[in-house]
>>> print(open('start-v1.csv').read())   # CSV, C-alpha atoms
chain,number,residue,atom,x,y,z
A,17,MET,CA,0.0,0.0,0.0
A,18,PRO,CA,1.4,3.5,-0.9
A,19,THR,CA,1.7,6.1,1.9
A,20,ALA,CA,-1.6,7.9,2.4
A,21,LEU,CA,-2.0,11.7,2.6
A,22,HIS,CA,-5.2,12.7,4.4
A,23,THR,CA,-4.5,16.4,4.5
A,24,SER,CA,-1.6,18.3,2.9
A,25,ASN,CA,0.2,20.9,4.9
A,26,LEU,CA,2.3,23.2,2.7
A,27,THR,CA,3.6,26.2,4.6
A,28,SER,CA,5.5,27.8,1.6
A,29,LEU,CA,2.2,28.7,-0.2
A,30,PRO,CA,-1.0,30.4,1.0
A,31,LEU,CA,-3.9,27.9,1.3
A,32,LEU,CA,-6.9,29.1,-0.8
A,33,ALA,CA,-9.4,26.3,0.1
A,34,ARG,CA,-9.8,22.7,1.2
A,35,GLY,CA,-12.5,20.8,-0.7
A,36,LYS,CA,-13.7,17.3,0.0
A,37,VAL,CA,-10.6,15.9,-1.8
A,38,ARG,CA,-8.4,18.7,-3.0
A,39,ASP,CA,-6.3,21.3,-1.2
A,40,ASN,CA,-5.8,24.4,-3.3
A,41,TYR,CA,-2.8,26.8,-2.8
A,42,ALA,CA,-2.2,30.1,-4.4
A,43,VAL,CA,1.0,30.4,-6.6
A,44,GLY,CA,1.4,34.1,-7.2
A,45,ASN,CA,-1.9,35.7,-8.4
A,46,ASP,CA,-2.2,33.8,-11.7
A,47,ARG,CA,-1.8,30.1,-10.8
A,48,ILE,CA,-3.1,27.5,-8.3
A,49,LEU,CA,-1.5,24.3,-7.0
A,50,MET,CA,-4.2,21.6,-6.7
A,51,VAL,CA,-3.2,18.8,-4.4
A,52,ALA,CA,-5.4,15.7,-4.6
A,53,SER,CA,-5.4,14.2,-1.1
A,54,ASP,CA,-6.5,10.6,-0.3
A,55,ARG,CA,-9.6,11.8,1.5
A,56,LEU,CA,-12.9,10.2,0.6
A,57,SER,CA,-16.3,11.7,1.3
A,58,ALA,CA,-19.6,9.7,1.3
A,59,PHE,CA,-23.0,11.2,1.9
A,60,ASP,CA,-21.2,14.6,2.0
A,61,VAL,CA,-19.2,13.6,5.1
A,62,ILE,CA,-15.4,13.3,4.9
A,63,MET,CA,-14.1,10.0,6.2
A,64,GLY,CA,-11.4,10.0,8.9
A,65,GLU,CA,-9.4,7.3,7.1
A,66,PRO,CA,-7.8,8.1,3.8
A,67,ILE,CA,-7.8,5.7,0.8
A,68,PRO,CA,-4.1,5.1,0.0
A,69,GLY,CA,-3.1,6.0,-3.5
A,70,LYS,CA,-6.5,7.6,-4.4
A,71,GLY,CA,-5.2,11.1,-5.0
A,72,GLU,CA,-2.4,9.9,-7.3
A,73,ILE,CA,-5.0,7.8,-9.3
A,74,LEU,CA,-7.4,10.7,-9.6
A,75,THR,CA,-4.5,12.9,-10.9
A,76,LYS,CA,-3.3,10.3,-13.4
A,77,MET,CA,-6.8,9.8,-14.8
A,78,ALA,CA,-7.4,13.6,-15.0
A,79,LEU,CA,-4.1,14.1,-16.8
A,80,PHE,CA,-4.8,11.2,-19.1
A,81,TRP,CA,-8.1,12.7,-20.2
A,82,PHE,CA,-6.8,16.3,-20.4
A,83,ALA,CA,-4.2,15.0,-22.9
A,84,ARG,CA,-6.7,13.0,-24.8
A,85,LEU,CA,-9.4,15.7,-25.1
A,86,GLY,CA,-7.2,18.8,-25.6
A,87,HIS,CA,-8.3,19.1,-29.3
A,88,ILE,CA,-11.9,19.8,-28.2
A,89,CYS,CA,-11.3,22.4,-25.5
A,90,PRO,CA,-8.3,24.1,-23.9
A,91,ASN,CA,-7.7,23.1,-20.3
A,92,HIS,CA,-6.2,24.8,-17.2
A,93,LEU,CA,-2.9,22.9,-17.1
A,94,THR,CA,0.2,25.2,-17.2
A,95,GLY,CA,2.6,22.4,-18.3
A,96,GLU,CA,4.9,23.3,-15.3
A,97,ALA,CA,6.0,20.8,-12.7
A,98,PRO,CA,4.0,21.1,-9.4
A,99,GLU,CA,7.3,20.2,-7.6
A,100,SER,CA,8.9,23.5,-8.9
A,101,VAL,CA,6.7,25.8,-6.7
A,102,VAL,CA,7.2,24.1,-3.2
A,103,THR,CA,10.2,23.7,-1.0
A,104,PRO,CA,12.3,20.5,-1.3
A,105,ALA,CA,10.9,19.3,2.0
A,106,GLU,CA,7.3,19.6,0.7
A,107,VAL,CA,7.9,17.7,-2.6
A,108,PRO,CA,6.7,14.3,-1.1
A,109,GLN,CA,3.3,15.9,-0.4
A,110,VAL,CA,2.8,17.1,-4.0
A,111,GLN,CA,4.6,14.5,-6.1
A,112,GLY,CA,2.3,12.5,-8.4
A,113,ARG,CA,-0.9,13.9,-6.9
A,114,SER,CA,-0.8,17.6,-8.0
A,115,MET,CA,-1.5,19.8,-10.9
A,116,LEU,CA,-0.2,23.4,-11.4
A,117,VAL,CA,-3.0,25.2,-13.1
A,118,LYS,CA,-4.0,28.6,-14.4
A,119,ARG,CA,-6.2,30.7,-12.2
A,120,LEU,CA,-9.5,31.2,-14.0
A,121,ARG,CA,-12.8,32.9,-13.4
A,122,PRO,CA,-15.1,29.9,-12.6
A,123,ILE,CA,-18.4,29.5,-14.4
A,124,LEU,CA,-20.7,28.6,-11.5
A,125,VAL,CA,-22.6,25.8,-13.3
A,126,GLU,CA,-21.9,22.1,-12.9
A,127,ALA,CA,-22.0,20.8,-16.4
A,128,VAL,CA,-23.5,17.4,-16.0
A,129,VAL,CA,-23.9,15.0,-19.0
A,130,ARG,CA,-25.9,11.8,-18.8
A,131,GLY,CA,-25.7,8.9,-21.3
A,132,TYR,CA,-27.6,6.5,-19.0
A,133,LEU,CA,-30.3,7.0,-16.4
A,134,ALA,CA,-29.0,6.6,-12.9
A,135,GLY,CA,-28.9,8.2,-9.5
A,136,SER,CA,-30.8,11.4,-9.1
A,137,GLY,CA,-31.7,11.3,-12.8
A,138,TRP,CA,-33.5,8.0,-12.4
A,139,LYS,CA,-35.4,9.4,-9.4
A,140,GLU,CA,-36.4,12.5,-11.3
A,141,TYR,CA,-37.5,10.5,-14.4
A,142,GLN,CA,-39.7,8.3,-12.2
A,143,ALA,CA,-41.5,11.4,-11.0
A,144,THR,CA,-41.7,13.5,-14.1
A,145,GLN,CA,-40.5,11.4,-17.1
A,146,SER,CA,-37.8,14.1,-17.6
A,147,VAL,CA,-34.5,15.1,-16.1
A,148,CYS,CA,-33.7,18.8,-15.6
A,149,GLY,CA,-36.6,19.7,-17.9
A,150,VAL,CA,-35.3,17.4,-20.7
A,151,PRO,CA,-38.3,15.1,-21.6
A,152,LEU,CA,-37.4,11.4,-22.1
A,153,PRO,CA,-39.2,8.5,-23.7
A,154,ALA,CA,-41.6,6.4,-21.6
A,155,GLY,CA,-40.7,3.0,-20.4
A,156,LEU,CA,-37.0,3.6,-19.4
A,157,LYS,CA,-35.6,1.6,-16.5
A,158,ASN,CA,-32.9,2.2,-14.0
A,159,ALA,CA,-29.5,2.2,-15.8
A,160,SER,CA,-31.2,2.5,-19.3
A,161,LYS,CA,-29.0,3.9,-22.0
A,162,LEU,CA,-30.5,7.1,-23.3
A,163,PRO,CA,-31.3,7.7,-27.0
A,164,ALA,CA,-28.6,10.4,-26.9
A,165,PRO,CA,-26.5,12.0,-24.2
A,166,ILE,CA,-28.4,14.9,-22.4
A,167,PHE,CA,-27.1,18.0,-20.7
A,168,THR,CA,-28.5,18.1,-17.1
A,169,PRO,CA,-26.8,21.0,-15.3
A,170,ALA,CA,-26.6,21.6,-11.6
A,171,ALA,CA,-25.8,24.5,-9.4
A,172,LYS,CA,-24.4,24.7,-5.8
A,173,ALA,CA,-27.3,25.2,-3.4
A,174,ALA,CA,-27.0,27.2,-0.2
A,175,SER,CA,-26.7,23.9,1.7
A,176,GLY,CA,-23.6,22.9,-0.3
A,177,HIS,CA,-25.3,20.1,-2.2
A,178,ASP,CA,-25.6,20.3,-6.0
A,179,GLU,CA,-29.1,21.0,-7.1
A,180,ASN,CA,-30.4,20.0,-10.6
A,181,ILE,CA,-31.5,23.0,-12.6
A,182,SER,CA,-33.0,23.5,-16.1
A,183,TYR,CA,-31.1,24.7,-19.1
A,184,GLU,CA,-33.3,27.8,-19.1
A,185,LYS,CA,-31.9,28.6,-15.6
A,186,VAL,CA,-28.4,28.3,-16.9
A,187,VAL,CA,-29.2,30.8,-19.7
A,188,GLU,CA,-30.6,33.1,-17.0
A,189,MET,CA,-27.4,32.7,-14.9
A,190,ILE,CA,-24.7,33.1,-17.6
A,191,GLY,CA,-26.4,34.2,-20.8
A,192,PRO,CA,-27.5,32.3,-23.9
A,193,GLN,CA,-24.1,32.2,-25.7
A,194,LEU,CA,-22.0,30.9,-22.8
A,195,ALA,CA,-24.8,28.4,-21.9
A,196,ALA,CA,-24.9,27.0,-25.4
A,197,ARG,CA,-21.1,26.8,-25.6
A,198,ILE,CA,-20.9,24.9,-22.3
A,199,ARG,CA,-23.7,22.5,-23.2
A,200,ASP,CA,-22.3,21.7,-26.6
A,201,LEU,CA,-18.7,21.3,-25.4
A,202,SER,CA,-19.8,19.1,-22.5
A,203,ILE,CA,-21.8,16.7,-24.7
A,204,ARG,CA,-19.0,16.5,-27.2
A,205,ILE,CA,-16.3,15.8,-24.6
A,206,TYR,CA,-18.6,13.2,-22.9
A,207,GLN,CA,-19.4,11.4,-26.2
A,208,GLU,CA,-15.7,11.2,-27.2
A,209,ALA,CA,-14.7,10.0,-23.8
A,210,ALA,CA,-17.5,7.5,-23.5
A,211,ASP,CA,-16.8,6.0,-27.0
A,212,PHE,CA,-13.1,5.6,-26.0
A,213,ALA,CA,-13.9,4.1,-22.6
A,214,LEU,CA,-16.1,1.5,-24.2
A,215,THR,CA,-13.1,0.2,-26.2
A,216,LYS,CA,-11.6,-0.5,-22.7
A,217,GLY,CA,-14.7,-2.3,-21.4
A,218,LEU,CA,-15.9,0.7,-19.4
A,219,ILE,CA,-19.2,2.5,-19.5
A,220,ILE,CA,-19.2,6.2,-18.5
A,221,ALA,CA,-22.9,6.5,-17.4
A,222,ASP,CA,-22.7,10.2,-16.5
A,223,THR,CA,-20.1,12.8,-15.6
A,224,LYS,CA,-19.7,16.4,-14.5
A,225,PHE,CA,-17.4,19.0,-15.9
A,226,GLU,CA,-16.4,22.4,-14.6
A,227,PHE,CA,-15.4,25.3,-16.8
A,228,GLY,CA,-13.8,28.7,-16.3
A,229,LEU,CA,-13.0,31.8,-18.4
A,230,ASP,CA,-9.4,32.9,-19.0
A,231,GLU,CA,-8.3,36.5,-19.3
A,232,ASN,CA,-9.4,36.6,-23.0
A,233,GLY,CA,-12.9,35.3,-22.1
A,234,GLU,CA,-12.2,31.9,-23.6
A,235,VAL,CA,-13.9,28.8,-22.1
A,236,VAL,CA,-11.4,26.5,-20.4
A,237,LEU,CA,-12.0,23.0,-19.0
A,238,MET,CA,-10.8,23.0,-15.3
A,239,ASP,CA,-10.8,21.2,-12.0
A,240,GLU,CA,-10.7,17.4,-12.4
A,241,VAL,CA,-12.1,15.5,-15.5
A,242,LEU,CA,-13.6,12.1,-15.9
A,243,THR,CA,-12.4,10.5,-12.7
A,244,PRO,CA,-14.4,8.0,-10.6
A,245,ASP,CA,-15.1,10.9,-8.2
A,246,SER,CA,-16.8,13.0,-10.8
A,247,SER,CA,-18.2,10.2,-13.1
A,248,ARG,CA,-20.1,7.0,-12.8
A,249,TYR,CA,-18.0,4.2,-14.4
A,250,TRP,CA,-19.5,0.8,-14.9
A,251,PRO,CA,-17.6,-2.3,-16.2
A,252,VAL,CA,-19.4,-3.6,-19.3
A,253,GLU,CA,-19.4,-7.2,-18.0
A,254,GLY,CA,-21.6,-6.5,-15.0
A,255,TYR,CA,-24.0,-4.1,-16.7
A,256,GLN,CA,-26.4,-6.4,-18.6
A,257,ALA,CA,-27.3,-8.6,-15.6
A,258,ALA,CA,-27.8,-5.7,-13.3
A,259,PHE,CA,-29.9,-3.9,-15.8
A,260,ALA,CA,-32.1,-6.9,-16.4
A,261,GLN,CA,-32.7,-7.1,-12.6
A,262,GLY,CA,-33.4,-3.4,-12.4
A,263,GLU,CA,-30.4,-2.9,-10.1
A,264,ASN,CA,-27.5,-0.5,-10.0
A,265,PRO,CA,-24.7,-1.9,-12.1
A,266,PRO,CA,-21.4,-2.5,-10.2
A,267,SER,CA,-19.3,0.7,-10.2
A,268,TYR,CA,-15.7,1.9,-9.9
A,269,ASP,CA,-16.1,4.3,-7.1
A,270,LYS,CA,-16.8,4.5,-3.3
A,271,GLN,CA,-19.7,2.0,-3.5
A,272,PHE,CA,-18.0,-0.3,-1.0
A,273,VAL,CA,-17.8,2.6,1.5
A,274,ARG,CA,-21.4,3.7,0.9
A,275,ASP,CA,-22.7,0.1,1.3
A,276,TRP,CA,-20.7,-0.4,4.5
A,277,LEU,CA,-21.9,2.9,6.0
A,278,GLU,CA,-25.5,2.0,5.2
A,279,SER,CA,-25.1,-1.3,7.1
A,280,VAL,CA,-23.1,-0.1,10.1
A,281,ARG,CA,-24.9,0.2,13.5
A,282,ILE,CA,-23.8,2.6,16.2
A,283,ASP,CA,-25.3,1.7,19.6
A,284,GLY,CA,-27.8,-0.4,17.7
A,285,GLN,CA,-28.8,2.5,15.4
A,286,PRO,CA,-27.9,3.3,11.8
A,287,TRP,CA,-25.3,6.0,11.3
A,288,ASP,CA,-27.2,9.4,10.9
A,289,LYS,CA,-24.9,10.6,8.1
A,290,THR,CA,-23.5,13.5,10.1
A,291,PRO,CA,-19.9,13.9,11.2
A,292,PRO,CA,-18.0,12.3,12.6
A,293,ALA,CA,-18.1,9.3,10.3
A,294,PRO,CA,-17.6,5.8,11.7
A,295,ARG,CA,-14.1,4.4,11.4
A,296,LEU,CA,-13.7,2.5,8.1
A,297,PRO,CA,-12.5,-1.1,8.4
A,298,LYS,CA,-9.3,-2.1,6.7
A,299,ASP,CA,-10.9,-4.4,4.2
A,300,VAL,CA,-13.4,-1.7,3.0
A,301,ILE,CA,-10.4,0.7,2.6
A,302,GLN,CA,-8.4,-1.9,0.6
A,303,LYS,CA,-11.4,-2.9,-1.6
A,304,THR,CA,-12.1,0.8,-2.4
A,305,ALA,CA,-8.4,1.5,-3.2
A,306,ALA,CA,-8.4,-1.6,-5.5
A,307,LYS,CA,-11.5,-0.4,-7.4
A,308,TYR,CA,-9.9,3.0,-8.1
A,309,GLN,CA,-6.7,1.3,-9.3
A,310,GLU,CA,-8.6,-1.1,-11.5
A,311,ALA,CA,-10.4,1.8,-13.3
A,312,LEU,CA,-7.1,3.5,-14.0
A,313,ASP,CA,-5.5,0.3,-15.2
A,314,ARG,CA,-8.3,-0.6,-17.5
A,315,LEU,CA,-8.5,2.9,-19.0
A,316,THR,CA,-4.8,3.3,-19.6
A,317,SER,CA,-4.0,-0.3,-20.7
A,318,ALA,CA,-2.3,-0.6,-24.1
>>> encode(input="start-v1.csv", output="structure tokens")
Amino acid sequence: MPTALHTSNLTSLPLLARGKVRDNYAVGNDRILMVASDRLSAFDVIMGEPIPGKGEILTKMALFWFARLGHICPNHLTGEAPESVVTPAEVPQVQGRSMLVKRLRPILVEAVVRGYLAGSGWKEYQATQSVCGVPLPAGLKNASKLPAPIFTPAAKAASGHDENISYEKVVEMIGPQLAARIRDLSIRIYQEAADFALTKGLIIADTKFEFGLDENGEVVLMDEVLTPDSSRYWPVEGYQAAFAQGENPPSYDKQFVRDWLESVRIDGQPWDKTPPAPRLPKDVIQKTAAKYQEALDRLTSA
């Protein structure tokens, strides 16, 4: 098992923010050092135990996709080594798990694309036969492949959760030209990535992208891209049987952790999904680490 990093502690750079997984540091006023920790959150609660190697896997996957999709849309990478902006003593905290990126003006819309009906999309479809205002054919089931990928944006609600919104709401928030650009780019990036992943035996059921604007007002792909933390990856070999049963297909993410947390009892009661989280057993940590690794290995295999 690689050495795990739950929380980075770089004193040579000002800390901008700690997210659920990433610690962001300012590098001058035009760049950001994004350090992917091994933290894992489930039900919006950060677990006390890290998943060894997770941050490095997420970084490798994001870099793989940025390189592969650069012809569609520019991204926020500077091309400079993250190790070059920290002290020699801090290099072990950033090596292999960091990206040195341009500082952009974020567009405050989560650009979600769905190629399959799952999660909150499936719930919404059952109630309205549509997702984010996009009408869908009758008779679809959980994990159904959609006739074509759909853009189903979300915005950060006051509670910190993402909230599904309509395309009309996006137009209201950022204007018709930018809304159309983000929608069209998101669907194209998803389609190309999903087609490639399928050649590796992986289904990308849905994903979310984040975009920003550079100093010239150009749309730039930012944050992470197409990792198991931002995308629902299913192995093709488990999909058909699960779909036939109306069940969620097996996935390459934190499902082991979620399942264990749902089953755990504290003083005879289920965990109420508020901090602190129960301590994760070693086997759940190891199985989760292995799933993330398998997704990367399959995707990048020759």
>>> closest_atom_pairs(input="start-v1.csv", of="segment 162-185 of chain A", to="segment 128-143 of chain A", cutoff="8 Å", atoms="all atoms listed in the file", output="CSV")
residue,atom,partner,partner_atom,distance
A:Leu162,CA,A:Tyr132,CA,5.2
A:Ala164,CA,A:Gly131,CA,6.5
A:Pro165,CA,A:Gly131,CA,4.3
A:Ile166,CA,A:Arg130,CA,5.4
A:Phe167,CA,A:Val129,CA,4.7
A:Thr168,CA,A:Val128,CA,5.2
A:Pro169,CA,A:Val128,CA,4.9
A:Ala170,CA,A:Val128,CA,6.8
>>> closest_residue(input="start-v1.csv", among="A:Gly86, A:Pro192, A:Gly35, A:Gly284", to="Glu208 of chain A", atoms="all atoms listed in the file")
A:Gly86
>>> closest_residue(input="start-v1.csv", among="A:Ala306, A:Leu214, A:Leu277, A:Leu315", to="Pro68 of chain A", atoms="only C-alpha atoms")
A:Ala306
>>> residues_around(input="start-v1.csv", residues="Val280 of chain A", least_positions_apart="5", cutoff="12 Å", atoms="only C-alpha atoms", output="mmCIF file with C-alpha atoms, keeping the file's coordinate frame")
data_model
loop_
_atom_site.group_PDB
_atom_site.id
_atom_site.type_symbol
_atom_site.label_atom_id
_atom_site.label_comp_id
_atom_site.auth_asym_id
_atom_site.auth_seq_id
_atom_site.Cartn_x
_atom_site.Cartn_y
_atom_site.Cartn_z
ATOM 1 C CA VAL A 273 -17.800 2.600 1.500
ATOM 2 C CA ARG A 274 -21.400 3.700 0.900
ATOM 3 C CA ASP A 275 -22.700 0.100 1.300
ATOM 4 C CA GLN A 285 -28.800 2.500 15.400
ATOM 5 C CA PRO A 286 -27.900 3.300 11.800
ATOM 6 C CA TRP A 287 -25.300 6.000 11.300
ATOM 7 C CA ASP A 288 -27.200 9.400 10.900
ATOM 8 C CA LYS A 289 -24.900 10.600 8.100
ATOM 9 C CA ALA A 293 -18.100 9.300 10.300
ATOM 10 C CA PRO A 294 -17.600 5.800 11.700
ATOM 11 C CA ARG A 295 -14.100 4.400 11.400
ATOM 12 C CA LEU A 296 -13.700 2.500 8.100
ATOM 13 C CA PRO A 297 -12.500 -1.100 8.400
#
>>> residues_around(input="start-v1.csv", residues="Gln309 of chain A", least_positions_apart="5", cutoff="9 Å", atoms="only C-alpha atoms", output="PyMOL selection string")
chain A and resi 69-70+73+304+314
>>> atom_distance(input="start-v1.csv", atom1="atom CA of Leu152 of chain A", atom2="atom CA of Tyr183 of chain A")
15.0 Å
>>> atom_distance(input="start-v1.csv", atom1="atom CA of Gly149 of chain A", atom2="atom CA of Ser182 of chain A")
5.5 Å
>>> residues_around(input="start-v1.csv", residues="Ala258 of chain A", least_positions_apart="5", cutoff="12 Å", atoms="only C-alpha atoms", output="PyMOL selection string")
chain A and resi 157-160+250-253+263-267
>>> write_last_selection(input="start-v1.csv", atoms="C-alpha atoms", output="short mmCIF file (atom, residue, chain, number, x, y, z; two decimals), keeping the file's coordinate frame")
data_model
loop_
_atom_site.label_atom_id
_atom_site.label_comp_id
_atom_site.auth_asym_id
_atom_site.auth_seq_id
_atom_site.Cartn_x
_atom_site.Cartn_y
_atom_site.Cartn_z
CA LYS A 157 -35.60 1.60 -16.50
CA ASN A 158 -32.90 2.20 -14.00
CA ALA A 159 -29.50 2.20 -15.80
CA SER A 160 -31.20 2.50 -19.30
CA TRP A 250 -19.50 0.80 -14.90
CA PRO A 251 -17.60 -2.30 -16.20
CA VAL A 252 -19.40 -3.60 -19.30
CA GLU A 253 -19.40 -7.20 -18.00
CA GLU A 263 -30.40 -2.90 -10.10
CA ASN A 264 -27.50 -0.50 -10.00
CA PRO A 265 -24.70 -1.90 -12.10
CA PRO A 266 -21.40 -2.50 -10.20
CA SER A 267 -19.30 0.70 -10.20
#
>>> residues_around(input="start-v1.csv", residues="Ile67 of chain A", least_positions_apart="6", cutoff="6 Å", atoms="only C-alpha atoms", output="JSON, numbers by chain")
{"A": [54, 301, 305]}
>>> residues_around(input="start-v1.csv", residues="Arg34 of chain A", least_positions_apart="6", cutoff="10 Å", atoms="all atoms listed in the file", output="list in words")
Thr23, Ser24, Asn40, Tyr41, Met50, Val51 and Ser53 of chain A
>>> residues_near_point(input="start-v1.csv", point="(-4.8, 14.5, 2.5)", cutoff="9 Å", atoms="all atoms listed in the file", output="ChimeraX atom specification")
/A:20-25,37-39,51-55,66,71,109
>>> write_last_selection(input="start-v1.csv", atoms="C-alpha atoms", output="compact mmCIF listing (two decimals), in the frame of the given file")
# COMPACT_ATOMS: atom_id res chain seq x y z
CA ALA A 20 -1.60 7.90 2.40
CA LEU A 21 -2.00 11.70 2.60
CA HIS A 22 -5.20 12.70 4.40
CA THR A 23 -4.50 16.40 4.50
CA SER A 24 -1.60 18.30 2.90
CA ASN A 25 0.20 20.90 4.90
CA VAL A 37 -10.60 15.90 -1.80
CA ARG A 38 -8.40 18.70 -3.00
CA ASP A 39 -6.30 21.30 -1.20
CA VAL A 51 -3.20 18.80 -4.40
CA ALA A 52 -5.40 15.70 -4.60
CA SER A 53 -5.40 14.20 -1.10
CA ASP A 54 -6.50 10.60 -0.30
CA ARG A 55 -9.60 11.80 1.50
CA PRO A 66 -7.80 8.10 3.80
CA GLY A 71 -5.20 11.10 -5.00
CA GLN A 109 3.30 15.90 -0.40
>>> atom_distance(input="start-v1.csv", atom1="atom CA of Pro291 of chain A", atom2="atom CA of Glu278 of chain A")
14.5 Å
>>> closest_residue(input="start-v1.csv", among="A:Val101, A:Ile181, A:Ala318, A:Ala196", to="Thr215 of chain A", atoms="all atoms listed in the file")
A:Ala318
>>> build_atoms(input="start-v1.csv", residues="segment 82-103 of chain A", atoms="N, CA and C atoms", output="PDB file, keeping the file's coordinate frame")
ATOM      1  N   PHE A  82      -7.190  14.953 -19.916  1.00  0.00           N
ATOM      2  CA  PHE A  82      -6.800  16.300 -20.400  1.00  0.00           C
ATOM      3  C   PHE A  82      -6.013  16.158 -21.704  1.00  0.00           C
ATOM      4  N   ALA A  83      -5.059  15.228 -21.705  1.00  0.00           N
ATOM      5  CA  ALA A  83      -4.200  15.000 -22.900  1.00  0.00           C
ATOM      6  C   ALA A  83      -5.012  14.518 -24.067  1.00  0.00           C
ATOM      7  N   ARG A  84      -5.961  13.640 -23.771  1.00  0.00           N
ATOM      8  CA  ARG A  84      -6.700  13.000 -24.800  1.00  0.00           C
ATOM      9  C   ARG A  84      -7.777  13.928 -25.451  1.00  0.00           C
ATOM     10  N   LEU A  85      -8.259  14.890 -24.673  1.00  0.00           N
ATOM     11  CA  LEU A  85      -9.400  15.700 -25.100  1.00  0.00           C
ATOM     12  C   LEU A  85      -9.004  17.153 -25.440  1.00  0.00           C
ATOM     13  N   GLY A  86      -7.691  17.427 -25.425  1.00  0.00           N
ATOM     14  CA  GLY A  86      -7.200  18.800 -25.600  1.00  0.00           C
ATOM     15  C   GLY A  86      -7.622  19.407 -26.965  1.00  0.00           C
ATOM     16  N   HIS A  87      -7.886  18.575 -27.969  1.00  0.00           N
ATOM     17  CA  HIS A  87      -8.300  19.100 -29.300  1.00  0.00           C
ATOM     18  C   HIS A  87      -9.700  19.667 -29.290  1.00  0.00           C
ATOM     19  N   ILE A  88     -10.493  19.283 -28.273  1.00  0.00           N
ATOM     20  CA  ILE A  88     -11.900  19.800 -28.200  1.00  0.00           C
ATOM     21  C   ILE A  88     -11.966  21.095 -27.491  1.00  0.00           C
ATOM     22  N   CYS A  89     -11.178  21.211 -26.410  1.00  0.00           N
ATOM     23  CA  CYS A  89     -11.300  22.400 -25.500  1.00  0.00           C
ATOM     24  C   CYS A  89      -9.999  22.603 -24.802  1.00  0.00           C
ATOM     25  N   PRO A  90      -9.513  23.856 -24.686  1.00  0.00           N
ATOM     26  CA  PRO A  90      -8.300  24.100 -23.900  1.00  0.00           C
ATOM     27  C   PRO A  90      -8.568  23.738 -22.412  1.00  0.00           C
ATOM     28  N   ASN A  91      -7.527  23.355 -21.686  1.00  0.00           N
ATOM     29  CA  ASN A  91      -7.700  23.100 -20.300  1.00  0.00           C
ATOM     30  C   ASN A  91      -6.776  23.957 -19.425  1.00  0.00           C
ATOM     31  N   HIS A  92      -6.889  23.830 -18.119  1.00  0.00           N
ATOM     32  CA  HIS A  92      -6.200  24.800 -17.200  1.00  0.00           C
ATOM     33  C   HIS A  92      -4.785  24.411 -16.855  1.00  0.00           C
ATOM     34  N   LEU A  93      -4.236  23.330 -17.401  1.00  0.00           N
ATOM     35  CA  LEU A  93      -2.900  22.900 -17.100  1.00  0.00           C
ATOM     36  C   LEU A  93      -1.867  23.982 -17.571  1.00  0.00           C
ATOM     37  N   THR A  94      -0.834  24.257 -16.773  1.00  0.00           N
ATOM     38  CA  THR A  94       0.200  25.200 -17.200  1.00  0.00           C
ATOM     39  C   THR A  94       1.342  24.490 -17.910  1.00  0.00           C
ATOM     40  N   GLY A  95       1.453  23.169 -17.694  1.00  0.00           N
ATOM     41  CA  GLY A  95       2.600  22.400 -18.300  1.00  0.00           C
ATOM     42  C   GLY A  95       3.824  22.483 -17.383  1.00  0.00           C
ATOM     43  N   GLU A  96       3.732  23.205 -16.254  1.00  0.00           N
ATOM     44  CA  GLU A  96       4.900  23.300 -15.300  1.00  0.00           C
ATOM     45  C   GLU A  96       4.790  22.231 -14.264  1.00  0.00           C
ATOM     46  N   ALA A  97       5.949  21.839 -13.738  1.00  0.00           N
ATOM     47  CA  ALA A  97       6.000  20.800 -12.700  1.00  0.00           C
ATOM     48  C   ALA A  97       5.496  21.333 -11.376  1.00  0.00           C
ATOM     49  N   PRO A  98       4.528  20.667 -10.747  1.00  0.00           N
ATOM     50  CA  PRO A  98       4.000  21.100  -9.400  1.00  0.00           C
ATOM     51  C   PRO A  98       5.175  21.190  -8.391  1.00  0.00           C
ATOM     52  N   GLU A  99       6.161  20.279  -8.520  1.00  0.00           N
ATOM     53  CA  GLU A  99       7.300  20.200  -7.600  1.00  0.00           C
ATOM     54  C   GLU A  99       8.103  21.544  -7.584  1.00  0.00           C
ATOM     55  N   SER A 100       7.995  22.288  -8.697  1.00  0.00           N
ATOM     56  CA  SER A 100       8.900  23.500  -8.900  1.00  0.00           C
ATOM     57  C   SER A 100       8.400  24.665  -8.018  1.00  0.00           C
ATOM     58  N   VAL A 101       7.218  24.586  -7.413  1.00  0.00           N
ATOM     59  CA  VAL A 101       6.700  25.800  -6.700  1.00  0.00           C
ATOM     60  C   VAL A 101       6.660  25.540  -5.162  1.00  0.00           C
ATOM     61  N   VAL A 102       7.181  24.396  -4.702  1.00  0.00           N
ATOM     62  CA  VAL A 102       7.200  24.100  -3.200  1.00  0.00           C
ATOM     63  C   VAL A 102       8.657  23.931  -2.807  1.00  0.00           C
ATOM     64  N   THR A 103       8.871  23.897  -1.499  1.00  0.00           N
ATOM     65  CA  THR A 103      10.200  23.700  -1.000  1.00  0.00           C
ATOM     66  C   THR A 103      10.605  22.203  -1.144  1.00  0.00           C
TER      67      THR A 103
END
